[in-house]
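Structure first, commentary second.
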Amino acid sequence: MANTGQFGATGWTPKQIDSLKGKTYVITGANSGTGFQASRLLLAKGARVVMLNRNTSKSDIAIGQLKSEFGDTAQVSYIVMDLAVLSSVRHGAAQILSLVPHIDALICNGAIAQIAKQQLTVDGFESQLGVNHYGHFLLCGLLFDRIEQSQGRIVVVSSEGHKIGLRAIQFNDLNWDNNYHPNKVYSQSKLAQMMFAYELQKKIAVSKKPVKVYVCHPGASKTSLIRSSANIATRLSWSIMVKLGLAQSAEKGAYPEVMCATEENLKQRAYYGPTGMMNFSGPVDECKLESFVLDDDALTKLWAVSEQAVAFNWSL
């Protein structure tokens with residue numbers, strides 16, 4: 001079936017981006033995978049990119065590669081931040097506020113996935129929920145005033161994985177002490193990210209703040225997200241998908257987040273990404289937003305639980 005969405009049969013592509021000179025984009029998890037490719041696409045249009053990465057050596061290598069491609073004058077740098085450690089998020093956010101006067105978009109790209117056995121962060125959270133949701137929840141809150149001053153936007157990179165498993169937040173056992181399952185917990189973490197974004201949209205609308213929030217997914221993209229920390233079955237199934245050609249390149253996987261960071265004519269209460277078979281790949285456009293993601297009671301409860309967990313109260 002032909003794509004009849006907003007961007008037609010070919011979907012959105014970076015060809016639709018005008019010059020981004022003078023604009024600044026902050027991206028988590030940007031030294032590899034879709035985050036790295038998003039950085040490339042933005043730099044190619046003249047933007048300034050600030051990466052938020054936990055690994056200094058990988059960051060140095062990534063920046064070396066980008067400057068080799070775009071020249072030594074390319075405006076790309078990094079700030080050390082580990083989303084699994086709330087003190088690191090706070091320290092990194094303070095550096096951003098000191099060094100980055102304007103933020104056109106904060107792209108919440110960093111993630112971990114399918115951790116085979118339960119692991120807890122130093123702050124006591126299940127690791128996937130801690131990195132994917134709590135770390136970004138706190139970061140967005142700490143940077144929100146700067147984004148508001150810039151009349152910028154927040155881009156939340158979720159996953160089609162949010163549809164796997166419970167399709168609800170397990171509030172009575174957020175760390176999954178009793179029934180840990182790597183895929184179901186990953187699903188929960190990506191669902192939490194989406195629910196945070198849509199609740200934030202509601203709060204922004206009430207407060208009339210000039211900030212936009214968009215949600216997207218990268219499809220099935222060839223990145224290092226499925227790592228040795230995943231169990232054998234997950235790694236095997238992923239390798240089969242890659243061999244069958246069902247996974248697209250990391251560059252194409254970056255298209256949705258770059259679109260959400262730059263495109264002017266998007267809906268906020270929406271979900272963007274590849275629209276081909278099972279949303280693995282294909283033209284980038286609006287995808288179906290499932291009703292369970294928008295449960296008002298769950299959205300409100302998750303927000304309150306998250307504020308308490310990270311010890312940060314938003315000023316909305």
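Identifiers in this document derive from the order of the structure tokens: chains are assigned A, B, ..., residues are numbered from 1 separately in each chain, and ligands are numbered from 1 in order of occurrence.
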
- When DSSP works through the backbone of this structure, what residues of segment 60-271 of chain A end up as helix (DSSP H, G or I), shown as an MDAnalysis selection string? chainID A and resid 60:70 86:99 127:149 160:163 171:173 182:207 232:243 250:262

Write a file of the selected residues as a compact mmCIF listing (two decimals), in the first residue's frame, keeping C-alpha atoms.
```
# COMPACT_ATOMS: atom_id res chain seq x y z
CA ASP A 60 36.88 11.65 20.81
CA ILE A 61 36.84 9.09 18.00
CA ALA A 62 33.36 10.14 16.87
CA ILE A 63 34.28 13.82 16.79
CA GLY A 64 37.46 12.98 14.90
CA GLN A 65 35.40 11.19 12.27
CA LEU A 66 32.95 14.06 11.97
CA LYS A 67 35.69 16.67 11.65
CA SER A 68 37.42 14.51 9.07
CA GLU A 69 34.20 14.56 7.05
CA PHE A 70 33.10 18.16 7.61
CA LEU A 86 21.52 11.08 38.23
CA SER A 87 24.48 13.02 39.67
CA SER A 88 26.14 12.79 36.24
CA VAL A 89 22.97 14.09 34.59
CA ARG A 90 22.90 17.03 36.98
CA HIS A 91 26.59 17.79 36.49
CA GLY A 92 26.30 17.54 32.70
CA ALA A 93 23.20 19.73 32.64
CA ALA A 94 25.04 22.39 34.65
CA GLN A 95 27.82 22.35 32.06
CA ILE A 96 25.31 22.69 29.24
CA LEU A 97 23.69 25.68 30.91
CA SER A 98 27.14 27.24 31.28
CA LEU A 99 28.39 26.53 27.74
CA SER A 127 18.72 -0.09 34.45
CA GLN A 128 16.59 0.22 31.30
CA LEU A 129 13.96 2.37 33.02
CA GLY A 130 16.73 4.31 34.74
CA VAL A 131 18.62 5.19 31.56
CA ASN A 132 15.85 5.45 29.01
CA HIS A 133 13.24 7.21 31.12
CA TYR A 134 14.46 8.60 34.45
CA GLY A 135 17.75 9.97 33.08
CA HIS A 136 15.98 11.79 30.25
CA PHE A 137 13.11 12.92 32.50
CA LEU A 138 15.59 14.68 34.78
CA LEU A 139 17.68 16.07 31.91
CA CYS A 140 14.65 17.57 30.17
CA GLY A 141 13.54 19.16 33.42
CA LEU A 142 16.94 20.67 34.14
CA LEU A 143 17.23 22.12 30.62
CA PHE A 144 13.59 23.09 30.13
CA ASP A 145 13.99 26.79 30.97
CA ARG A 146 16.86 27.13 28.49
CA ILE A 147 14.79 25.35 25.81
CA GLU A 148 11.86 27.63 26.61
CA GLN A 149 14.04 30.72 26.30
CA GLU A 160 8.16 0.09 18.37
CA GLY A 161 9.17 -2.10 21.30
CA HIS A 162 6.74 -0.08 23.46
CA LYS A 163 3.99 -2.36 22.10
CA PHE A 171 3.61 0.68 39.08
CA ASN A 172 3.57 -1.94 41.84
CA ASP A 173 7.03 -3.21 40.86
CA PRO A 182 14.54 -8.16 29.26
CA ASN A 183 12.17 -7.43 26.38
CA LYS A 184 9.16 -6.58 28.53
CA VAL A 185 11.22 -4.24 30.70
CA TYR A 186 12.69 -2.55 27.63
CA SER A 187 9.13 -2.15 26.35
CA GLN A 188 8.11 -0.55 29.62
CA SER A 189 11.01 1.91 29.51
CA LYS A 190 10.14 3.07 25.98
CA LEU A 191 6.46 3.31 26.87
CA ALA A 192 7.41 5.45 29.86
CA GLN A 193 9.34 7.80 27.58
CA MET A 194 6.32 8.26 25.35
CA MET A 195 3.95 8.79 28.26
CA PHE A 196 6.31 11.39 29.70
CA ALA A 197 6.33 13.24 26.37
CA TYR A 198 2.55 13.33 26.00
CA GLU A 199 2.03 14.41 29.60
CA LEU A 200 4.64 17.14 29.07
CA GLN A 201 2.71 18.30 26.01
CA LYS A 202 -0.40 18.67 28.17
CA LYS A 203 1.43 20.63 30.84
CA ILE A 204 3.05 22.93 28.26
CA ALA A 205 -0.34 23.62 26.67
CA VAL A 206 -1.80 24.65 30.04
CA SER A 207 1.16 26.87 30.90
CA ILE A 232 21.44 -15.30 23.21
CA ALA A 233 17.89 -15.58 21.83
CA THR A 234 17.60 -11.82 21.35
CA ARG A 235 21.00 -11.57 19.67
CA LEU A 236 20.20 -14.50 17.40
CA SER A 237 16.83 -13.12 16.32
CA TRP A 238 18.40 -9.74 15.64
CA SER A 239 21.19 -11.25 13.53
CA ILE A 240 18.58 -13.11 11.47
CA MET A 241 16.65 -9.88 10.88
CA VAL A 242 19.84 -8.18 9.67
CA LYS A 243 20.73 -11.09 7.35
CA ALA A 250 21.60 3.63 11.14
CA GLU A 251 21.51 6.74 8.95
CA LYS A 252 17.94 6.04 7.87
CA GLY A 253 17.11 5.19 11.46
CA ALA A 254 18.18 8.74 12.34
CA TYR A 255 15.75 10.35 9.88
CA PRO A 256 12.76 10.47 12.29
CA GLU A 257 14.62 12.22 15.11
CA VAL A 258 16.21 14.70 12.73
CA MET A 259 12.82 15.38 11.17
CA CYS A 260 11.29 15.97 14.60
CA ALA A 261 14.18 18.30 15.49
CA THR A 262 13.93 20.43 12.33
```

- Message: DSSP on the backbone, strand (DSSP E) only: what residues of segment 6-226 of chain A does that give? Format it as a PyMOL selection string.
- Response: chain A and resi 24-28+48-53+76-80+105-108+153-157+212-216

- Top pick for closest residue to Ala113 of chain A, considering A:Ser158, A:Gln75, A:Ser19, A:Thr300 and counting only C-alpha atoms: A:Ser158

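Proximity ranking of A:Pro210, A:Gly11, A:Gly276, A:Gly35 relative to Val157 of chain A places A:Gly35 first, based on only C-alpha atoms.
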
- Item | Distance of atom CA of Tyr272 of chain A from atom CA of His217 of chain A, expressed in Å to one decimal place |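 Those two atoms sit 6.4 Å apart.
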
- Message: Ranking A:Gln6, A:Thr56, A:Gly165, A:Ala111 by minimum distance to Gly29 of chain A and counting only C-alpha atoms, which one comes first?
- Response: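 Of A:Gln6, A:Thr56, A:Gly165, A:Ala111, the one nearest Gly29 of chain A is A:Ala111, counting only C-alpha atoms.
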
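Shortest separation to Gln170 of chain A among A:Ile107, A:Val26, A:Val305, A:Leu266 occurs at residue A:Val305, atoms counted being only C-alpha atoms.
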
- Using only C-alpha atoms, the shortest atom-to-atom distance to Thr13 of chain A among A:Glu263, A:Met278, A:Asp297, A:Ala30 belongs to A:Glu263

- Item | Who sits within 9 Å of Gly46 of chain A, only C-alpha atoms, same chain under 3 positions skipped, as an MDAnalysis selection string | chainID A and resid 19:23 42:43 74:75

- Task: Name all residues at most 9 Å from His181 of chain A (count only C-alpha atoms; drop same-chain ones fewer than 4 positions away) and give them as a PyMOL selection string.
- Result: chain A and resi 114-118+176+185-186

Put those residues in a file: C-alpha atoms, as a CSV table (one decimal), in the first residue's frame.
```csv
chain,number,residue,atom,x,y,z
A,114,GLN,CA,17.3,-6.0,26.3
A,115,ILE,CA,19.6,-6.3,29.3
A,116,ALA,CA,19.6,-10.1,29.9
A,117,LYS,CA,19.5,-10.0,33.7
A,118,GLN,CA,18.2,-7.4,36.1
A,176,TRP,CA,10.6,-5.8,38.1
A,185,VAL,CA,11.2,-4.2,30.7
A,186,TYR,CA,12.7,-2.5,27.6
```
